[in-house]
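What follows is one structure encoded as structure tokens, with my remarks underneath.
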Amino acid sequence: MRTYANKWCYWYIGVQVCMLLNSSASAQAAGKLRFIVDPGGNYSFVLDHQFRMQQREVELSAGPHHFTFWAPERRMVDTTIMVVEGRTKDIVLYLPYSDAFRAYDREVHEMKKRNLLTSALPTLAIVGTGVLAGVSFGKYKSAHDQLQADEEAYRTGSDPQAIAQLKDVLIPGHKTDLSDKRGVFYVTAGLFAAVAVGSTWMILRNAKRGAPKFNDTERVKFDGLVWMPSERGGYFMTGMHINLR
Amino acid sequence: MRTIPFPALTARWLMALLPLLCGCYKDELDVDTLNNNPFDREYVGPPVFAFDTTFTEVINGDLTRQVFQFRVASGLFLEPQSYSVFVQDQGAGVSEIVPQFPAGSDLLTYYRTPAGPGQEVCLQLSLSNNYHHGRAETICGTLP
């Protein structure tokens with residue numbers, strides 16, 4: 001009985017030694033991949049359709065390995081890379097923007113253009129016509145002040161000739177001036193009111209529109225690559241490489 | 001609570017102010033109502049000049065002249081003013097500018113030579129400054 005047990009023990013040890021020798025041999029047959037991916041470090045990849053990873057360097061057994069790269073806003077890129085034994089290979093990769101992101105970017109661009117037309121320009125128009133109305137009001141007020149000064153000049157005047165000139169020439173002229181300035185002010189104020197009403201309406205209408213939202217469909221697809229459904233709902237399969245040497 | 005963008009809010013305030021701004025500064029100065037300054041040629045109001053007295057005086061021992069004194073109602077002036085009075089003596093066919101003497105006095109004196117005793121003299125008087133004359137008033141007095 002003891003001999004039988006020993007025999008099994010020897011067999012088990014032999015298997016373990018074989019496995020160790022085998023793993024040692026496969027470690028020697030490994031190679032490294034170093035990724036230089038546009039856009040920078042914010043990317044992930046799924047290795048051999050199984051392990052989701054997020055690192056710049058991986059050490060893998062020699063031979064072909066399948067990668068699916070993805071980064072936010074970018075499209076997934078599938079590729080097979082040959083790992084060469086004992087060598088470090090630099091992989092330079094550009095992840096193109098996804099169609100969804102391009103559409104979103106286009107919408108954002110259009111929104112900016114729309115904002116320029118429906119917010120910035122109306123604001124500029126409000127400010128412009130407001131300044132115009134303000135300036136014409138200032139002139140209107142000056143003309144009125146001039147008439148008040150004329151009235152005061154009449155009150156304090158003691159030169160009959162100057163008083164006659166004031167009444168016959170200056171005051172009528174200043175009254176005409178006031179009338180003109182008032183007309184200009186009414187026109188500019190009306191213009192300002194019209195522009196303000198129109199612009200306010202445009203601004204408020206534009207404010208009701210929400211900003212475009214980006215739905216990263218590529219991310220959903222990428223997440224689905226390693227999503228394993230189960231009875232309790234499912235789980236992600238991720239991989240991690242720890243270099244023990 | 002909905003937030004209103006700043007330019008729209010400002011515009012609303014300014015629009016609310018517009019009627020107020022439009023309402024002020026009416027053209028309230030009417031030239032026709034400007035007639036209460038005694039220096040104005042179109043002055044309409046109480047008489048500015050009033051006869052005071054006449055008498056004769058002898059100067060340099062042998063020359064007699066008649067003195068015609070009148071008062072200026074400076075209380076009618078809208079502001080305190082210095083002035084002269086332009087006197088037109090139609091009877092004698094002369095005119096001259098009579099200054100305030102002493103300065104600030106409202107009792108002015110017109111000297112007339114040669115004397116015409118017992119004669120009524122009418123003078124056309126106007127307030128004057130810078131050789132420009134205002135509305136004329138006539139006052140009369142009988143010489144002694």
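We label chains A, B, ... in the order they appear in the structure tokens, count residues from 1 in each chain, and number ligands from 1 in the order shown.
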Within 6 Å of chain B, which residues of chain A come that close, and what is the closest atom pair and distance in Å for each? Count only C-alpha atoms and give it as a tab-separated table.
```
residue	atom	partner	partner_atom	distance
A:Arg155	CA	B:Leu78	CA	5.9
A:Thr156	CA	B:Glu79	CA	5.7
A:Ser158	CA	B:Phe39	CA	5.6
A:Asp159	CA	B:Asn129	CA	5.3
A:Pro160	CA	B:Gly134	CA	5.2
A:Gln161	CA	B:His132	CA	5.7
A:Ala193	CA	B:Met15	CA	5.9
A:Ala196	CA	B:Ala11	CA	5.6
A:Thr200	CA	B:Ala8	CA	4.9
```
Exercise. Pull the alpha helix (DSSP H) assignments for region 69-192 of chain A out of DSSP run on the backbone, and list those residues as a PyMOL selection string.
Key: chain A and resi 99-115+121-156+160-165+171-192
Practice problem: For region 84-94 of chain A, list every protein, DNA or RNA residue within 7 Å, evaluated using only C-alpha atoms, and leave out those in the same chain fewer than 2 positions away; present the list as an NGL selection string. | Solution: :A and (29-38 or 62-63 or 82 or 96)
Quiz prompt | Non-local contacts of region 144-154 of chain A (7 Å; only C-alpha atoms; under 4 positions in same chain excluded) as a ChimeraX atom specification | solution = /A:140,163,171,174,178 /B:25
How would the residues just picked look written out with C-alpha atoms as a PDB file, in the first residue's frame?
```pdb
ATOM      1  CA  TYR A 140     -30.570 114.745 -26.732  1.00  0.00           C
ATOM      2  CA  ILE A 163     -30.893 138.970 -24.930  1.00  0.00           C
ATOM      3  CA  ILE A 171     -32.968 129.648 -28.612  1.00  0.00           C
ATOM      4  CA  HIS A 174     -31.281 125.190 -29.994  1.00  0.00           C
ATOM      5  CA  LEU A 178     -33.361 119.544 -29.472  1.00  0.00           C
TER       6      LEU A 178
ATOM      7  CA  TYR B  25     -36.667 116.331 -21.689  1.00  0.00           C
TER       8      TYR B  25
END
```
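One distance worth recording is that between CA of Val169 (chain A) and CA of Gly183 (chain A), which is 21.4 Å.
Among the candidate residues B:Phe70, B:Phe55, B:Phe86, B:Tyr43, the one lying nearest to Leu125 (chain B) is B:Phe86, with distances computed using only C-alpha atoms.
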Within 8 Å of region 202-218 of chain A, which residues of region 103-135 of chain A come that close, and what is the closest atom pair and distance in Å for each? Count only C-alpha atoms and give it as CSV.
```
residue,atom,partner,partner_atom,distance
A:Tyr104,CA,A:Phe214,CA,5.7
A:Glu107,CA,A:Pro212,CA,6.4
A:Val108,CA,A:Pro212,CA,6.4
A:Met111,CA,A:Ala211,CA,7.4
A:Asn115,CA,A:Asn206,CA,7.3
A:Thr118,CA,A:Met202,CA,5.7
A:Ser119,CA,A:Ile203,CA,5.2
A:Pro122,CA,A:Ile203,CA,7.4
```
